[in-house]
2 protein chains.
Amino acid sequence: MRLVGDLRARARIRDAAVGRFAVDGFGATVRAVAADASVSPGLVMHHFGSKAGLRRECDEHVLALIREAKADRIGQVASGASLLETFASVDEFAPLVGYILRSMQEGGAAGREFVEHMVADAQVYTAEAVAAGVARPSQDEAARVRYLVLSSLGALLLSVTLDPPDDPRDLAATVRRFFDESSGPMLELFTDGFLTTDHMLDEYRQPRTT
Amino acid sequence: MRLVGDLRARARIRDAAVGRFAVDGFGATVRAVAADASVSPGLVMHHFGSKAGLRRECDEHVLALIREAKADRIGQVASGASLLETFASVDEFAPLVGYILRSMQEGGAAGREFVEHMVADAQVYTAEAVAAGVARPSQDEAARVRYLVLSSLGALLLSVTLDPPDDPRDLAATVRRFFDESSGPMLELFTDGFLTTDHMLDEYRQPRTT
DNA sequence: TAGGATGTTGAACGTGCGTTTAGTTGGGGA
DNA sequence: TCCCCAACTAAACGCACGTTCAACATCCTA
C-alpha cells in the first residue's frame, strides 16, 4: 500500500526524528516521532533497534548533511556562527540548525563534533586572514580560534535557550534577531577592542614576581 | 527523633535538591533528592507540594544566596564570568554555580534572571570604566554589554556542557580550566581587537546604497 | 504459484516516575 | 495528663515511557 507522498518509511522516520528532537529536545518520545512519521512506535524499534540507535543515526545524518552543505559554500563564510545564520534562514536547513543547537545544549556527540569541525575550519580561515594582513596575529592561534568559536556559538546558544521562539519551528527568526543585536558590538570589539590600554594584557603575560 | 546532624528537614531537602539538580540536571528524581536528604519522597511533597514547587524554592534560594554573596564583594569584579570563576573555587558556592549553569542550560527562570542581573551589573561597571577612560565607548552601550555577558557566559556554558567533569562535583576544576584557556585570547581580543582595518565595521555602519 | 523474507501494526509488558493516601509518631499547650 | 497538630513513613496508584511480541500484509524469488 504505497501512498502518494510515500518515501521509504525508514528515511521518513529519521527525518521526523530530527525535527522532533530539534523542537522538543532529546527527551522527545518515540511515540511522538512515530506519530510525526505516521507510523507505529513498533516500527521505529524495528528499523533502529532502540531510541539510542535512532538518535545515533540522526546524529550521523545531520552531520553528513552539514558537511555536504559546508563543502558547497566553502570559503564563503569565515565565522562558524554566521554559517549557522545562513543555514537557519534556509528552510531546508533550519531543522539541522535546531538539531545541532539541541545537541550542543544537551552535550551530545553531534554537538561536540560540530564544534570541533568549526574550530578546525576557523583555524584555516584565520590563518589565511592573518597571512593576508586582515587579521592580527595572536600569541596562541589555537587558543584564540577556540575561544572565538566557543564564544560565538555559546552566545547564540544561550540567547536561544533563555529566550526561545514562541513557535519552535521558527528558529530562524530567533537566530536572525540574535545576529541583528550582536553584529554591531561584535564588529566594534573585533575592530577596536574594548580596553584603551595594554596594562591588563601586559600584566597577564608577565605576572609581577615581586 | 532528632539526630545529631539534624537541621530542619525542610532546609535539608532544599539543599539536597540544589546539589542534585546541579549535578544531574532538573530531570533528577524526587526519590533521588529524598534519598540525598535521608527522607521519604512523601515528605518532599508534604513540604513543597510538588516537584515544581521544590524547584521554584531552589531557584529563589540560589538567587538569594548569590545576590547576598555579590553584595559582599561588590565592585571587586567587573566581568560576570570571572565572578563565576571566583564562586566556583569556593566549595561553599560550587553547588550554586552548578545550579545556575544548569538553569542556563535548560532555560530555567533562575538562569534567565541571573543573566539579566549580570547584564545590569556589567552595565554599571562598563559605564564606570568608560568614564575613567579605561574602556572605549561604544555606539550602543546596552547592546555591547549584553553581547559581552552573553558571549562570556555562553562560552563557559558550552565548554562545560561539551566537556563535563568526570566527577560532576568537581565543577570548579572545569571552570578553572576554561578560564586558563580563555583569559589569554580574551585579553588579546579586548586590547587589540581581531581585525586590522575598519573596513568591515564601516561597511556595517553605512551599508552601500548603490 | 507457493513460500519465505520484509514491512508494518496493535496490544501488551515492565519500569520508573510524580503524586496520593492512610496511618504512625512525638512533642507542646490546655 | 490528654490530645492535637505537625512531621514523617510505607505503600500504593496511575500514568507515560521504551520496548517486546504475535499477528497480518505485501513483495520478491524460485
# chains A, B, ... in the order shown; residues from 1 in each chain; ligands from 1

call {"tool": "interface_residues", "arguments": {"of": "chain B", "to": "chain C", "cutoff": "8 Å", "atoms": "only C-alpha atoms (C1' of nucleotides)", "output": "MDAnalysis selection string"}}
result
chainID B and resid 1 29:30 45 50:51

call {"tool": "closest_atom_pairs", "arguments": {"of": "chain B", "to": "chain A", "cutoff": "6 Å", "atoms": "only C-alpha atoms", "output": "Markdown table"}}
result
| residue | atom | partner | partner_atom | distance |
| --- | --- | --- | --- | --- |
| B:Gly107 | CA | A:Leu162 | CA | 4.9 |
| B:Arg112 | CA | A:Leu162 | CA | 5.8 |
| B:Val134 | CA | A:Thr196 | CA | 5.4 |
| B:Ala135 | CA | A:Leu195 | CA | 4.4 |
| B:Arg136 | CA | A:Phe194 | CA | 5.6 |
| B:Arg144 | CA | A:Pro185 | CA | 4.8 |
| B:Leu150 | CA | A:Ala155 | CA | 4.9 |
| B:Ser151 | CA | A:Ala155 | CA | 4.3 |
| B:Gly154 | CA | A:Gly154 | CA | 3.8 |
| B:Ala155 | CA | A:Ser151 | CA | 4.3 |
| B:Leu158 | CA | A:Gly154 | CA | 5.5 |
| B:Thr161 | CA | A:Gly107 | CA | 5.2 |
| B:Leu162 | CA | A:Gly107 | CA | 4.9 |
| B:Pro185 | CA | A:Arg144 | CA | 4.8 |
| B:Leu187 | CA | A:Leu201 | CA | 5.6 |
| B:Leu189 | CA | A:Gly193 | CA | 5.9 |
| B:Phe190 | CA | A:Gly193 | CA | 4.4 |
| B:Thr191 | CA | A:Leu195 | CA | 5.2 |
| B:Asp192 | CA | A:Gly193 | CA | 5.2 |
| B:Gly193 | CA | A:Gly193 | CA | 4.0 |
| B:Phe194 | CA | A:Phe190 | CA | 4.6 |
| B:Leu195 | CA | A:Ala135 | CA | 4.4 |
| B:Thr196 | CA | A:Val134 | CA | 5.4 |
| B:Leu201 | CA | A:Leu187 | CA | 5.6 |

call {"tool": "write_last_selection", "arguments": {"atoms": "C-alpha atoms", "output": "PDB file, in the first residue's frame"}}
result
ATOM      1  CA  GLY B 107      16.433  27.562  30.051  1.00  0.00           C
ATOM      2  CA  ARG B 112      17.326  33.971  32.885  1.00  0.00           C
ATOM      3  CA  VAL B 134      39.862  52.583  30.725  1.00  0.00           C
ATOM      4  CA  ALA B 135      37.286  51.243  28.293  1.00  0.00           C
ATOM      5  CA  ARG B 136      36.400  52.557  24.867  1.00  0.00           C
ATOM      6  CA  ARG B 144      27.662  45.817  23.753  1.00  0.00           C
ATOM      7  CA  LEU B 150      26.177  36.567  26.681  1.00  0.00           C
ATOM      8  CA  SER B 151      29.404  35.523  24.998  1.00  0.00           C
ATOM      9  CA  GLY B 154      27.811  31.239  26.749  1.00  0.00           C
ATOM     10  CA  ALA B 155      31.389  30.214  26.097  1.00  0.00           C
ATOM     11  CA  LEU B 158      29.237  25.493  26.134  1.00  0.00           C
ATOM     12  CA  THR B 161      28.467  21.167  28.594  1.00  0.00           C
ATOM     13  CA  LEU B 162      30.580  19.660  25.847  1.00  0.00           C
ATOM     14  CA  PRO B 185      42.713  35.170  23.944  1.00  0.00           C
ATOM     15  CA  LEU B 187      42.622  39.872  26.879  1.00  0.00           C
ATOM     16  CA  LEU B 189      40.875  40.498  21.828  1.00  0.00           C
ATOM     17  CA  PHE B 190      39.836  43.129  24.363  1.00  0.00           C
ATOM     18  CA  THR B 191      43.122  45.007  23.994  1.00  0.00           C
ATOM     19  CA  ASP B 192      43.883  44.867  20.293  1.00  0.00           C
ATOM     20  CA  GLY B 193      40.751  43.550  18.630  1.00  0.00           C
ATOM     21  CA  PHE B 194      40.916  40.960  15.885  1.00  0.00           C
ATOM     22  CA  LEU B 195      40.864  42.882  12.622  1.00  0.00           C
ATOM     23  CA  THR B 196      43.494  45.241  11.262  1.00  0.00           C
ATOM     24  CA  LEU B 201      32.813  47.923  10.674  1.00  0.00           C
TER      25      LEU B 201
END

call {"tool": "select_by_dssp", "arguments": {"residues": "segment 41-174 of chain A", "states": "alpha helix (DSSP H)", "output": "ChimeraX atom specification"}}
result
/A:41-48,51-72,80-89,94-106,109-131,141-162,171-174

call {"tool": "interface_residues", "arguments": {"of": "chain B", "to": "chain D", "cutoff": "9 Å", "atoms": "only C-alpha atoms (C1' of nucleotides)", "output": "short mmCIF file (atom, residue, chain, number, x, y, z; two decimals) with C-alpha atoms, in the first residue's frame"}}
result
data_model
loop_
_atom_site.label_atom_id
_atom_site.label_comp_id
_atom_site.auth_asym_id
_atom_site.auth_seq_id
_atom_site.Cartn_x
_atom_site.Cartn_y
_atom_site.Cartn_z
CA VAL B 39 13.97 11.35 53.88
CA SER B 40 10.95 9.74 52.26
CA GLY B 42 6.35 11.72 50.52
CA LEU B 43 7.92 14.26 52.85
#

call {"tool": "atom_distance", "arguments": {"atom1": "atom CA of Leu101 of chain B", "atom2": "atom CA of Val175 of chain B"}}
result
10.8 Å

call {"tool": "residues_around", "arguments": {"residues": "Ala37 of chain A", "least_positions_apart": "5", "cutoff": "12 Å", "atoms": "only C-alpha atoms (C1' of nucleotides)", "output": "PyMOL selection string"}}
result
chain A and resi 5-20+30-32+43-44
